[in-house]
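Dropping data10.cif in here (mmCIF, C-alpha atoms):
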data_structure
#
loop_
_atom_site.group_PDB
_atom_site.id
_atom_site.type_symbol
_atom_site.label_atom_id
_atom_site.label_comp_id
_atom_site.auth_asym_id
_atom_site.auth_seq_id
_atom_site.Cartn_x
_atom_site.Cartn_y
_atom_site.Cartn_z
ATOM 1 C CA MET A 1 26.590 149.218 133.474
ATOM 2 C CA SER A 2 22.948 148.378 132.760
ATOM 3 C CA THR A 3 21.227 150.190 129.905
ATOM 4 C CA CYS A 4 17.686 150.283 128.551
ATOM 5 C CA THR A 5 18.757 147.936 125.736
ATOM 6 C CA THR A 6 20.217 145.298 128.037
ATOM 7 C CA ALA A 7 17.088 145.375 130.199
ATOM 8 C CA SER A 8 14.800 145.013 127.162
ATOM 9 C CA GLN A 9 16.847 142.185 125.694
ATOM 10 C CA ASP A 10 17.280 140.347 128.997
ATOM 11 C CA LEU A 11 13.507 140.463 129.510
ATOM 12 C CA ASP A 12 12.917 139.290 125.912
ATOM 13 C CA GLU A 13 10.647 142.211 125.053
ATOM 14 C CA PRO A 14 8.998 141.519 121.661
ATOM 15 C CA LEU A 15 9.937 143.691 118.691
ATOM 16 C CA ALA A 16 6.839 143.334 116.501
ATOM 17 C CA GLY A 17 4.545 146.336 116.528
ATOM 18 C CA THR A 18 7.091 148.871 117.790
ATOM 19 C CA ALA A 19 8.078 150.770 114.608
ATOM 20 C CA ALA A 20 7.565 154.500 114.174
ATOM 21 C CA THR A 21 4.546 155.338 112.043
ATOM 22 C CA ALA A 22 5.035 157.292 108.813
ATOM 23 C CA ARG A 23 3.474 156.749 105.425
ATOM 24 C CA THR A 24 6.168 158.987 103.925
ATOM 25 C CA TRP A 25 9.683 159.738 105.167
ATOM 26 C CA LEU A 26 11.409 163.020 104.295
ATOM 27 C CA LEU A 27 15.148 162.984 104.999
ATOM 28 C CA LEU A 28 17.429 166.032 104.934
ATOM 29 C CA GLU A 29 21.203 165.857 105.226
ATOM 30 C CA GLN A 30 22.548 167.843 108.177
ATOM 31 C CA PRO A 31 26.139 167.067 109.241
ATOM 32 C CA GLY A 32 27.562 168.018 112.609
ATOM 33 C CA PRO A 33 26.212 167.414 116.104
ATOM 34 C CA TRP A 34 22.527 166.851 116.825
ATOM 35 C CA GLY A 35 20.566 167.724 119.936
ATOM 36 C CA ALA A 36 17.702 165.742 121.416
ATOM 37 C CA LYS A 37 15.226 167.549 119.149
ATOM 38 C CA ALA A 38 17.456 167.624 116.115
ATOM 39 C CA LEU A 39 15.325 169.792 113.819
ATOM 40 C CA THR A 40 15.665 172.678 116.242
ATOM 41 C CA SER A 41 18.878 171.750 118.087
ATOM 42 C CA SER A 42 21.412 171.106 115.343
ATOM 43 C CA HIS A 43 23.181 173.417 112.911
ATOM 44 C CA LEU A 44 20.038 173.500 110.804
ATOM 45 C CA ASP A 45 18.401 176.923 111.132
ATOM 46 C CA PRO A 46 16.005 176.386 114.076
ATOM 47 C CA THR A 47 13.432 178.681 112.480
ATOM 48 C CA LEU A 48 13.401 176.392 109.457
ATOM 49 C CA GLY A 49 13.271 173.358 111.725
ATOM 50 C CA ARG A 50 10.207 174.650 113.559
ATOM 51 C CA ALA A 51 8.502 175.536 110.257
ATOM 52 C CA LEU A 52 9.135 172.030 108.908
ATOM 53 C CA GLU A 53 7.792 170.426 112.074
ATOM 54 C CA ALA A 54 4.616 172.472 111.742
ATOM 55 C CA ALA A 55 4.288 171.808 108.001
ATOM 56 C CA VAL A 56 4.340 168.007 108.281
ATOM 57 C CA GLU A 57 1.953 167.774 111.223
ATOM 58 C CA GLY A 58 -1.063 165.627 110.388
ATOM 59 C CA THR A 59 0.111 164.843 106.842
ATOM 60 C CA GLY A 60 1.517 161.343 107.336
ATOM 61 C CA VAL A 61 5.014 162.675 106.596
ATOM 62 C CA ARG A 62 7.815 162.212 109.125
ATOM 63 C CA ILE A 63 10.907 164.349 108.698
ATOM 64 C CA ALA A 64 14.337 163.397 110.031
ATOM 65 C CA LEU A 65 17.916 164.555 109.619
ATOM 66 C CA ILE A 66 20.610 162.281 108.208
ATOM 67 C CA ARG A 67 24.396 162.403 108.005
ATOM 68 C CA ARG A 68 27.174 160.233 106.671
ATOM 69 C CA PRO A 69 28.683 157.785 109.178
ATOM 70 C CA GLY A 70 31.904 158.895 110.827
ATOM 71 C CA ARG A 71 33.141 161.745 112.956
ATOM 72 C CA HIS A 72 30.918 164.786 113.166
ATOM 73 C CA ALA A 73 33.102 167.819 113.646
ATOM 74 C CA ASP A 74 31.459 171.193 113.253
ATOM 75 C CA CYS A 75 32.509 172.057 109.707
ATOM 76 C CA GLY A 76 29.764 174.568 108.987
ATOM 77 C CA ALA A 77 26.789 174.248 106.673
ATOM 78 C CA PRO A 78 27.330 171.959 103.663
ATOM 79 C CA ALA A 79 27.178 173.562 100.229
ATOM 80 C CA VAL A 80 24.968 170.783 98.860
ATOM 81 C CA ARG A 81 22.666 168.582 100.896
ATOM 82 C CA GLN A 82 21.179 165.201 100.017
ATOM 83 C CA VAL A 83 17.404 164.901 100.329
ATOM 84 C CA TYR A 84 15.231 161.780 100.105
ATOM 85 C CA ALA A 85 11.488 161.205 100.139
ATOM 86 C CA GLY A 86 10.131 157.682 100.471
ATOM 87 C CA HIS A 87 6.528 156.431 100.501
ATOM 88 C CA THR A 88 5.986 153.078 102.208
ATOM 89 C CA VAL A 89 2.375 152.021 101.537
ATOM 90 C CA PRO A 90 2.207 148.761 99.511
ATOM 91 C CA GLY A 91 1.010 149.253 95.955
ATOM 92 C CA ASN A 92 2.666 152.668 95.751
ATOM 93 C CA VAL A 93 6.126 152.241 97.279
ATOM 94 C CA TRP A 94 8.725 154.687 95.959
ATOM 95 C CA LEU A 95 11.959 156.400 96.931
ATOM 96 C CA HIS A 96 13.001 159.656 95.261
ATOM 97 C CA ALA A 97 16.269 161.556 95.714
ATOM 98 C CA ALA A 98 17.416 165.132 95.181
ATOM 99 C CA THR A 99 20.083 167.592 96.264
ATOM 100 C CA THR A 100 19.642 171.173 97.375
ATOM 101 C CA CYS A 101 21.796 174.161 98.248
ATOM 102 C CA GLU A 102 18.834 175.826 99.967
ATOM 103 C CA PRO A 103 17.057 173.628 102.514
ATOM 104 C CA GLU A 104 14.367 176.314 102.781
ATOM 105 C CA GLN A 105 13.091 174.883 99.480
ATOM 106 C CA LEU A 106 11.536 172.047 101.469
ATOM 107 C CA LEU A 107 8.868 174.462 102.704
ATOM 108 C CA ASP A 108 7.574 174.676 99.114
ATOM 109 C CA LEU A 109 6.681 170.982 99.111
ATOM 110 C CA ASP A 110 3.049 169.839 99.213
ATOM 111 C CA PHE A 111 3.322 167.738 102.371
ATOM 112 C CA ALA A 112 -0.280 166.526 102.221
ATOM 113 C CA ALA A 113 0.354 165.192 98.709
ATOM 114 C CA LEU A 114 3.590 163.539 99.825
ATOM 115 C CA GLY A 115 1.723 161.870 102.657
ATOM 116 C CA ARG A 116 -0.814 160.532 100.164
ATOM 117 C CA GLY A 117 1.997 159.074 98.069
ATOM 118 C CA ASP A 118 2.294 161.708 95.347
ATOM 119 C CA PRO A 119 5.962 162.674 94.703
ATOM 120 C CA ARG A 120 5.348 165.310 92.026
ATOM 121 C CA THR A 121 6.087 168.386 94.129
ATOM 122 C CA PHE A 122 9.277 166.768 95.436
ATOM 123 C CA ASP A 123 10.388 166.282 91.848
ATOM 124 C CA SER A 124 9.328 169.726 90.638
ATOM 125 C CA VAL A 125 10.575 171.783 93.597
ATOM 126 C CA LEU A 126 13.864 169.940 94.127
ATOM 127 C CA GLN A 127 14.411 168.468 90.642
ATOM 128 C CA GLY A 128 14.069 165.076 92.276
ATOM 129 C CA ARG A 129 14.128 161.737 90.518
ATOM 130 C CA ARG A 130 13.525 158.120 91.383
ATOM 131 C CA HIS A 131 16.381 156.680 93.427
ATOM 132 C CA THR A 132 18.072 153.949 91.415
ATOM 133 C CA GLY A 133 20.911 153.060 93.772
ATOM 134 C CA ASP A 134 21.084 150.622 96.649
ATOM 135 C CA PRO A 135 18.386 150.639 99.323
ATOM 136 C CA LEU A 136 18.906 152.960 102.265
ATOM 137 C CA ALA A 137 19.876 151.700 105.707
ATOM 138 C CA LEU A 138 19.106 154.434 108.239
ATOM 139 C CA VAL A 139 20.777 153.758 111.582
ATOM 140 C CA CYS A 140 19.636 155.751 114.613
ATOM 141 C CA THR A 141 22.715 157.279 116.268
ATOM 142 C CA ASN A 142 21.401 160.287 118.198
ATOM 143 C CA GLY A 143 23.029 159.898 121.590
ATOM 144 C CA LYS A 144 21.391 163.117 122.809
ATOM 145 C CA ARG A 145 18.059 161.291 122.774
ATOM 146 C CA ASP A 146 19.452 158.093 124.291
ATOM 147 C CA ARG A 147 23.032 157.012 124.856
ATOM 148 C CA CYS A 148 22.286 153.508 123.513
ATOM 149 C CA CYS A 149 21.695 154.961 120.061
ATOM 150 C CA ALA A 150 25.233 156.362 120.062
ATOM 151 C CA LEU A 151 26.915 153.445 121.851
ATOM 152 C CA LEU A 152 25.347 150.807 119.592
ATOM 153 C CA GLY A 153 24.149 152.673 116.513
ATOM 154 C CA ARG A 154 27.315 154.529 115.551
ATOM 155 C CA PRO A 155 29.538 151.400 115.565
ATOM 156 C CA LEU A 156 26.931 149.597 113.445
ATOM 157 C CA ALA A 157 26.815 152.406 110.861
ATOM 158 C CA ALA A 158 30.616 152.533 110.788
ATOM 159 C CA GLU A 159 30.936 148.745 110.390
ATOM 160 C CA LEU A 160 28.424 148.633 107.550
ATOM 161 C CA THR A 161 30.167 151.478 105.750
ATOM 162 C CA ALA A 162 33.651 150.013 106.258
ATOM 163 C CA SER A 163 32.501 146.693 104.819
ATOM 164 C CA GLY A 164 31.381 148.361 101.592
ATOM 165 C CA VAL A 165 27.625 148.616 102.135
ATOM 166 C CA ASP A 166 26.257 151.549 100.150
ATOM 167 C CA GLY A 167 23.253 153.577 101.211
ATOM 168 C CA VAL A 168 24.116 153.744 104.931
ATOM 169 C CA TRP A 169 23.172 156.940 106.763
ATOM 170 C CA GLU A 170 22.953 157.949 110.391
ATOM 171 C CA VAL A 171 19.489 159.257 111.286
ATOM 172 C CA THR A 172 18.220 161.390 114.143
ATOM 173 C CA HIS A 173 15.334 159.362 115.562
ATOM 174 C CA LEU A 174 13.480 156.123 114.837
ATOM 175 C CA GLY A 175 11.908 155.592 118.267
ATOM 176 C CA GLY A 176 12.411 152.593 120.521
ATOM 177 C CA HIS A 177 15.802 153.406 122.049
ATOM 178 C CA ARG A 178 15.662 150.200 124.068
ATOM 179 C CA PHE A 179 15.824 148.166 120.833
ATOM 180 C CA SER A 180 19.136 149.741 119.727
ATOM 181 C CA PRO A 181 20.751 149.471 117.344
ATOM 182 C CA THR A 182 17.647 150.310 115.332
ATOM 183 C CA VAL A 183 17.546 150.504 111.539
ATOM 184 C CA LEU A 184 14.945 151.640 109.002
ATOM 185 C CA VAL A 185 15.265 150.378 105.434
ATOM 186 C CA LEU A 186 13.836 152.257 102.471
ATOM 187 C CA PRO A 187 12.024 152.073 100.140
ATOM 188 C CA PHE A 188 9.831 149.461 101.888
ATOM 189 C CA GLY A 189 9.881 151.178 105.280
ATOM 190 C CA TYR A 190 10.435 148.197 107.576
ATOM 191 C CA ALA A 191 12.231 148.861 110.857
ATOM 192 C CA TYR A 192 14.544 146.459 112.688
ATOM 193 C CA GLY A 193 15.843 146.281 116.224
ATOM 194 C CA ARG A 194 18.821 144.697 118.010
ATOM 195 C CA ALA A 195 20.343 144.533 114.534
ATOM 196 C CA PRO A 196 23.955 143.325 114.103
ATOM 197 C CA ALA A 197 25.744 144.132 110.845
ATOM 198 C CA PRO A 198 25.400 140.636 109.260
ATOM 199 C CA HIS A 199 21.644 140.729 109.829
ATOM 200 C CA VAL A 200 21.338 144.224 108.327
ATOM 201 C CA LYS A 201 23.201 142.982 105.253
ATOM 202 C CA GLU A 202 20.720 140.098 104.971
ATOM 203 C CA VAL A 203 17.834 142.565 105.284
ATOM 204 C CA LEU A 204 19.293 144.737 102.524
ATOM 205 C CA ARG A 205 19.755 141.721 100.258
ATOM 206 C CA GLY A 206 16.087 141.015 100.839
ATOM 207 C CA VAL A 207 15.119 144.571 99.917
ATOM 208 C CA ARG A 208 17.060 144.288 96.659
ATOM 209 C CA ASP A 209 15.154 141.066 95.927
ATOM 210 C CA GLY A 210 11.798 142.595 96.883
ATOM 211 C CA ARG A 211 11.622 140.443 100.009
ATOM 212 C CA VAL A 212 10.956 141.171 103.691
ATOM 213 C CA VAL A 213 13.083 139.556 106.391
ATOM 214 C CA VAL A 214 10.779 139.053 109.378
ATOM 215 C CA GLU A 215 13.444 138.087 111.919
ATOM 216 C CA GLY A 216 14.211 141.093 114.108
ATOM 217 C CA CYS A 217 11.545 143.177 112.352
ATOM 218 C CA ARG A 218 9.666 145.813 114.330
ATOM 219 C CA GLY A 219 7.092 146.394 111.596
ATOM 220 C CA SER A 220 6.278 148.532 108.576
ATOM 221 C CA SER A 221 6.063 152.260 109.208
ATOM 222 C CA ALA A 222 3.093 152.393 106.817
ATOM 223 C CA TRP A 223 0.817 150.979 109.547
ATOM 224 C CA GLU A 224 -0.156 151.795 113.109
ATOM 225 C CA ARG A 225 1.279 149.517 115.757
ATOM 226 C CA PRO A 226 -1.521 146.868 115.947
ATOM 227 C CA ALA A 227 -1.437 146.502 112.163
ATOM 228 C CA GLN A 228 2.361 146.237 112.169
ATOM 229 C CA ALA A 229 2.171 143.210 114.446
ATOM 230 C CA ALA A 230 -0.714 141.706 112.472
ATOM 231 C CA GLU A 231 1.016 141.985 109.109
ATOM 232 C CA LEU A 232 4.188 140.352 110.418
ATOM 233 C CA ALA A 233 2.124 137.546 111.955
ATOM 234 C CA VAL A 234 0.435 136.849 108.612
ATOM 235 C CA ARG A 235 3.793 136.814 106.839
ATOM 236 C CA THR A 236 5.044 134.209 109.298
ATOM 237 C CA ALA A 237 1.874 132.091 109.214
ATOM 238 C CA ALA A 238 1.581 132.150 105.406
ATOM 239 C CA HIS A 239 5.330 131.994 104.694
ATOM 240 C CA GLU A 240 4.830 135.061 102.486
ATOM 241 C CA TYR A 241 7.861 137.320 102.295
ATOM 242 C CA ALA A 242 7.338 139.231 99.033
ATOM 243 C CA ALA A 243 7.337 142.887 100.038
ATOM 244 C CA ASP A 244 4.393 143.896 97.853
ATOM 245 C CA ALA A 245 2.203 140.852 98.549
ATOM 246 C CA LEU A 246 0.361 142.024 101.678
ATOM 247 C CA THR A 247 -1.529 145.122 102.699
ATOM 248 C CA VAL A 248 -3.603 146.076 105.724
ATOM 249 C CA VAL A 249 -7.100 146.893 104.513
ATOM 250 C CA ARG A 250 -8.774 147.782 107.809
ATOM 251 C CA THR A 251 -8.325 147.909 111.544
ATOM 252 C CA ASP A 252 -11.410 147.651 113.744
ATOM 253 C CA GLY A 253 -11.687 148.199 117.477
ATOM 254 C CA THR A 254 -9.938 150.395 119.977
ATOM 255 C CA ALA A 255 -7.300 149.829 122.598
ATOM 256 C CA PRO A 256 -6.689 147.397 124.150
ATOM 257 C CA ARG A 257 -7.990 145.043 121.433
ATOM 258 C CA TRP A 258 -8.143 145.273 117.656
ATOM 259 C CA GLU A 259 -9.256 143.147 114.727
ATOM 260 C CA VAL A 260 -6.952 143.707 111.750
ATOM 261 C CA THR A 261 -7.760 142.519 108.223
ATOM 262 C CA VAL A 262 -4.750 141.749 106.032
ATOM 263 C CA ALA A 263 -5.129 141.139 102.295
ATOM 264 C CA HIS A 264 -2.924 139.332 99.782
ATOM 265 C CA THR A 265 -2.663 140.495 96.199
ATOM 266 C CA ASP A 266 -3.998 137.073 95.149
ATOM 267 C CA GLY A 267 -7.286 137.726 96.982
ATOM 268 C CA ARG A 268 -6.696 135.859 100.232
ATOM 269 C CA LEU A 269 -7.713 137.548 103.480
ATOM 270 C CA TRP A 270 -6.711 137.062 107.091
ATOM 271 C CA ARG A 271 -8.279 138.372 110.266
ATOM 272 C CA VAL A 272 -5.822 138.949 113.067
ATOM 273 C CA MET A 273 -6.729 139.645 116.688
ATOM 274 C CA VAL A 274 -4.210 141.899 118.429
ATOM 275 C CA ALA A 275 -4.249 142.851 122.100
ATOM 276 C CA ARG A 276 -2.265 145.550 123.847
ATOM 277 C CA GLY A 277 -0.444 144.261 126.869
ATOM 278 C CA ALA A 278 2.081 145.687 129.307
ATOM 279 C CA SER A 279 5.703 144.582 129.295
ATOM 280 C CA LEU A 280 6.464 143.219 132.744
ATOM 281 C CA PRO A 281 8.374 143.405 134.985
ATOM 282 C CA PRO A 282 8.899 147.180 134.737
ATOM 283 C CA ARG A 283 11.973 148.354 132.844
ATOM 284 C CA PRO A 284 13.329 151.725 131.624
ATOM 285 C CA GLU A 285 11.944 152.773 128.235
ATOM 286 C CA SER A 286 15.106 154.816 127.714
ATOM 287 C CA CYS A 287 18.315 155.336 129.628
ATOM 288 C CA GLY A 288 17.829 157.557 132.656
ATOM 289 C CA SER A 289 14.033 157.257 132.649
ATOM 290 C CA ALA A 290 11.940 155.845 135.469
ATOM 291 C CA LEU A 291 10.899 152.219 135.351
ATOM 292 C CA GLY A 292 7.777 151.662 133.282
ATOM 293 C CA SER A 293 5.728 148.997 131.548
ATOM 294 C CA PRO A 294 5.901 149.758 127.794
ATOM 295 C CA ALA A 295 2.912 148.743 125.719
ATOM 296 C CA ARG A 296 3.363 145.592 123.660
ATOM 297 C CA MET A 297 1.319 144.248 120.760
ATOM 298 C CA ASP A 298 0.366 140.592 121.330
ATOM 299 C CA VAL A 299 -1.097 138.637 118.419
ATOM 300 C CA VAL A 300 -3.901 136.533 119.868
ATOM 301 C CA SER A 301 -4.981 134.709 116.702
ATOM 302 C CA VAL A 302 -4.448 134.597 112.936
ATOM 303 C CA ARG A 303 -7.345 133.240 110.895
ATOM 304 C CA GLU A 304 -7.513 132.928 107.122
ATOM 305 C CA LEU A 305 -10.974 133.829 105.829
ATOM 306 C CA LEU A 306 -12.878 131.834 103.274
ATOM 307 C CA THR A 307 -13.210 133.971 100.152
ATOM 308 C CA ALA A 308 -16.097 133.538 97.772
ATOM 309 C CA VAL A 309 -15.197 132.200 94.334
ATOM 310 C CA VAL A 310 -17.255 133.683 91.512
ATOM 311 C CA ALA A 311 -17.952 131.071 88.850
ATOM 312 C CA ASP A 312 -17.077 131.793 85.245
ATOM 313 C CA PRO A 313 -20.432 131.877 83.332
ATOM 314 C CA ALA A 314 -18.800 130.085 80.419
ATOM 315 C CA HIS A 315 -18.271 127.034 82.628
ATOM 316 C CA CYS A 316 -21.719 126.956 84.272
#
Can the structure from this file be put into structure tokens for me?
Amino acid sequence: MSTCTTASQDLDEPLAGTAATARTWLLLEQPGPWGAKALTSSHLDPTLGRALEAAVEGTGVRIALIRRPGRHADCGAPAVRQVYAGHTVPGNVWLHAATTCEPEQLLDLDFAALGRGDPRTFDSVLQGRRHTGDPLALVCTNGKRDRCCALLGRPLAAELTASGVDGVWEVTHLGGHRFSPTVLVLPFGYAYGRAPAPHVKEVLRGVRDGRVVVEGCRGSSAWERPAQAAELAVRTAAHEYAADALTVVRTDGTAPRWEVTVAHTDGRLWRVMVARGASLPPRPESCGSALGSPARMDVVSVRELLTAVVADPAHC
């Protein structure tokens, strides 16, 4: 039986530049079954779900539901829920954790501040603190959105958990069903596709070492799609894998062509030309959908810029 993932993989559709965009992720534990739009079609109060969707709009915050890997019988609302907030922009990357008995408390958060990278309301409202445990591996498993996420994501989450990997959660939606199993790692916010368990373990070892694994990477959620592809291209060209070494300082142009400037903390700059193309031949973007030609981000060129060196007056 053909699926959207087999079609994408057979046609060698590129992964770079396909990650969901979110400067800040807000994750709320919600066990039990999820519907296609999980915030309003799970056992979370749908009124709360709609209010949260409205509250995060335009703030740079993306909210998703998480649950522990395993069977998901309807056991009622949990007494205590885990909550995470993670900011992914280089130079201010953080992951904070909290628990709550009243998920309505999330409506008291300053979502605009969270989107800007300020965790203070998360800490004050929820008694949050900096997460000091293992990095999080968020595996998309919502089969109500696409069956590939359940068929491929749930076994991956179960395998990682059974092998002793801490920090594994199932998550409602990461986008890109056809790249299943898809994984987001926090705190750095890089997404991965077609990810077998050994590769996810390598990615998590990299996160613990402050390093980005570029193989199988879809991009950093901190950036829009052209910048995701550009940053990964610079990492490959410069052999620079330190997570905090690169940042995207500007993106010029409009679709279908952009000029992205990527900066290194040591002062180096690169200019990357990115063009939007169409993935051909047509393929389903998700199971059951009509054939289409998903947009792809093609890196046309990577050029390191000459940076001016200011002379030290003492040596003139």
ask   = How far is it from CA of Asp244 (chain A) to CA of Trp94 (chain A), in Å with one decimal?
value =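 Atom-to-atom, CA of Asp244 (chain A) and CA of Trp94 (chain A) are spaced 11.8 Å apart.
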ask   = For Ala77 (chain A), which residue among A:Pro181, A:Gly91, A:Gly32, A:Gly17 is the nearest when counting only C-alpha atoms?
value =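 Looking only at the distances to Ala77 (chain A), the closest residue turns out to be A:Gly32.
Between CA of Glu29 (chain A) and CA of Arg81 (chain A) the interatomic distance comes to 5.3 Å.
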inquiry  = Please report the interatomic distance between CA of Val125 (chain A) and CA of Gly86 (chain A) in Å with one decimal.
reply    =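 Between CA of Val125 (chain A) and CA of Gly86 (chain A) the gap works out to 15.7 Å.
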request  = Find the residue from A:Cys101, A:Phe122, A:Arg68, A:Val165 that sits nearest to Cys140 (chain A); use all atoms listed in the file when measuring.
outcome  = A:Arg68
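Run against this file, the PyMOL selection byres ((chain A and resi 176) around 10) gives back A:Cys4, A:Thr5, A:Leu15, A:Thr18, A:Ala19, A:Ala20, A:Cys140, A:Asp146, A:Cys149, A:His173, A:Leu174, A:Gly175, A:His177, A:Arg178, A:Phe179, A:Ser180, A:Pro181, A:Thr182, A:Gly193, A:Arg218, A:Glu285, A:Ser286.
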task = List the residues matched by the PyMOL selection byres ((chain A and resi 103) around 12) in the displayed structure as number ranges by chain, ordered by chain and then by residue number.
result = A: 27-30, 44-49, 51-52, 65, 77-83, 98-102, 104-109, 125-126
Export of prior selection with C-alpha atoms as a short mmCIF file (atom, residue, chain, number, x, y, z; two decimals), keeping the file's coordinate frame:
data_model
loop_
_atom_site.label_atom_id
_atom_site.label_comp_id
_atom_site.auth_asym_id
_atom_site.auth_seq_id
_atom_site.Cartn_x
_atom_site.Cartn_y
_atom_site.Cartn_z
CA LEU A 27 15.15 162.98 105.00
CA LEU A 28 17.43 166.03 104.93
CA GLU A 29 21.20 165.86 105.23
CA GLN A 30 22.55 167.84 108.18
CA LEU A 44 20.04 173.50 110.80
CA ASP A 45 18.40 176.92 111.13
CA PRO A 46 16.00 176.39 114.08
CA THR A 47 13.43 178.68 112.48
CA LEU A 48 13.40 176.39 109.46
CA GLY A 49 13.27 173.36 111.72
CA ALA A 51 8.50 175.54 110.26
CA LEU A 52 9.14 172.03 108.91
CA LEU A 65 17.92 164.56 109.62
CA ALA A 77 26.79 174.25 106.67
CA PRO A 78 27.33 171.96 103.66
CA ALA A 79 27.18 173.56 100.23
CA VAL A 80 24.97 170.78 98.86
CA ARG A 81 22.67 168.58 100.90
CA GLN A 82 21.18 165.20 100.02
CA VAL A 83 17.40 164.90 100.33
CA ALA A 98 17.42 165.13 95.18
CA THR A 99 20.08 167.59 96.26
CA THR A 100 19.64 171.17 97.38
CA CYS A 101 21.80 174.16 98.25
CA GLU A 102 18.83 175.83 99.97
CA GLU A 104 14.37 176.31 102.78
CA GLN A 105 13.09 174.88 99.48
CA LEU A 106 11.54 172.05 101.47
CA LEU A 107 8.87 174.46 102.70
CA ASP A 108 7.57 174.68 99.11
CA LEU A 109 6.68 170.98 99.11
CA VAL A 125 10.58 171.78 93.60
CA LEU A 126 13.86 169.94 94.13
#
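Excluding Ser279 (chain A) itself and any same-chain residue fewer than 4 positions from it, the protein and nucleic acid residues within 9 Å of it, counting all atoms listed in the file, are A:Leu11, A:Glu13, A:Pro14, A:Arg283, A:Gly292, A:Ser293, A:Pro294, A:Ala295, A:Arg296.
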Just C-alpha atoms for this one: save the residues we selected as a compact mmCIF listing (two decimals), in the frame of the given file.
# COMPACT_ATOMS: atom_id res chain seq x y z
CA LEU A 11 13.51 140.46 129.51
CA GLU A 13 10.65 142.21 125.05
CA PRO A 14 9.00 141.52 121.66
CA ARG A 283 11.97 148.35 132.84
CA GLY A 292 7.78 151.66 133.28
CA SER A 293 5.73 149.00 131.55
CA PRO A 294 5.90 149.76 127.79
CA ALA A 295 2.91 148.74 125.72
CA ARG A 296 3.36 145.59 123.66
Enclose the full set of atoms of region 123-129 of chain A listed in the file within a box whose edges lie along x, y and z, apply 5 Å of padding to each of the six sides, and report centre and edge lengths in Å to one decimal as JSON.
{"center_x": 11.9, "center_y": 166.8, "center_z": 92.3, "size_x": 15.1, "size_y": 20.0, "size_z": 13.6}
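Nearest to Leu306 (chain A) of all the residues A:Arg271, A:Ile66, A:Arg130, A:Pro282 is A:Arg271, based on all atoms listed in the file.
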Which residues of region 213-268 of chain A have any atom within 9 Å of an atom in region 195-203 of chain A when counting all atoms listed in the file, and what is the closest pair of atoms for each, with the distance in Å to one decimal? Order the rows by chain and rising number and write it as a tab-separated table.
residue	atom	partner	partner_atom	distance
A:Val213	CA	A:Val203	CA	5.7
A:Val214	CA	A:Val203	CA	8.9
A:Glu215	CA	A:His199	CA	8.9
A:Gly216	CA	A:Ala195	CA	7.0
Output C-alpha atoms of each residue in that selection to a file, as a PDB file, in the coordinates of the input.
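And here is the file that came out, result_21.pdb:
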ATOM      1  CA  VAL A 213      13.083 139.556 106.391  1.00  0.00           C
ATOM      2  CA  VAL A 214      10.779 139.053 109.378  1.00  0.00           C
ATOM      3  CA  GLU A 215      13.444 138.087 111.919  1.00  0.00           C
ATOM      4  CA  GLY A 216      14.211 141.093 114.108  1.00  0.00           C
TER       5      GLY A 216
END
So which residues get picked by the PyMOL selection byres ((chain A and resi 153) around 9) here, written as a PDB file with C-alpha atoms, in the coordinates of the input?
ATOM      1  CA  VAL A 139      20.777 153.758 111.582  1.00  0.00           C
ATOM      2  CA  CYS A 140      19.636 155.751 114.613  1.00  0.00           C
ATOM      3  CA  THR A 141      22.715 157.279 116.268  1.00  0.00           C
ATOM      4  CA  ASN A 142      21.401 160.287 118.198  1.00  0.00           C
ATOM      5  CA  GLY A 143      23.029 159.898 121.590  1.00  0.00           C
ATOM      6  CA  CYS A 148      22.286 153.508 123.513  1.00  0.00           C
ATOM      7  CA  CYS A 149      21.695 154.961 120.061  1.00  0.00           C
ATOM      8  CA  ALA A 150      25.233 156.362 120.062  1.00  0.00           C
ATOM      9  CA  LEU A 151      26.915 153.445 121.851  1.00  0.00           C
ATOM     10  CA  LEU A 152      25.347 150.807 119.592  1.00  0.00           C
ATOM     11  CA  ARG A 154      27.315 154.529 115.551  1.00  0.00           C
ATOM     12  CA  PRO A 155      29.538 151.400 115.565  1.00  0.00           C
ATOM     13  CA  LEU A 156      26.931 149.597 113.445  1.00  0.00           C
ATOM     14  CA  ALA A 157      26.815 152.406 110.861  1.00  0.00           C
ATOM     15  CA  ALA A 158      30.616 152.533 110.788  1.00  0.00           C
ATOM     16  CA  GLU A 170      22.953 157.949 110.391  1.00  0.00           C
ATOM     17  CA  SER A 180      19.136 149.741 119.727  1.00  0.00           C
ATOM     18  CA  PRO A 181      20.751 149.471 117.344  1.00  0.00           C
ATOM     19  CA  THR A 182      17.647 150.310 115.332  1.00  0.00           C
ATOM     20  CA  VAL A 183      17.546 150.504 111.539  1.00  0.00           C
TER      21      VAL A 183
END
ask   = Which of these, A:Gly210, A:Gly70, A:Pro281, A:Pro135, has the shortest distance to Pro31 (chain A) once you count only C-alpha atoms?
value =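 Checking each of A:Gly210, A:Gly70, A:Pro281, A:Pro135 against Pro31 (chain A), counting only C-alpha atoms, the winner is A:Gly70.
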request  = Rank A:Thr254, A:Thr59, A:Gln9, A:Thr265 by their smallest atom-to-atom distance to Asp110 (chain A), using all atoms listed in the file, and report the top residue only.
outcome  =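 Nearest to Asp110 (chain A): A:Thr59.
With distances restricted to only C-alpha atoms, A:His96 is the closest residue to Arg120 (chain A) from A:His239, A:Arg205, A:His96, A:Arg67.
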Neighbours of point (-5.0, 137.9, 114.8) within 9 Å, using only C-alpha atoms, written as an NGL selection string = :A and (229-230 or 233-234 or 258-261 or 270-275 or 298-303)
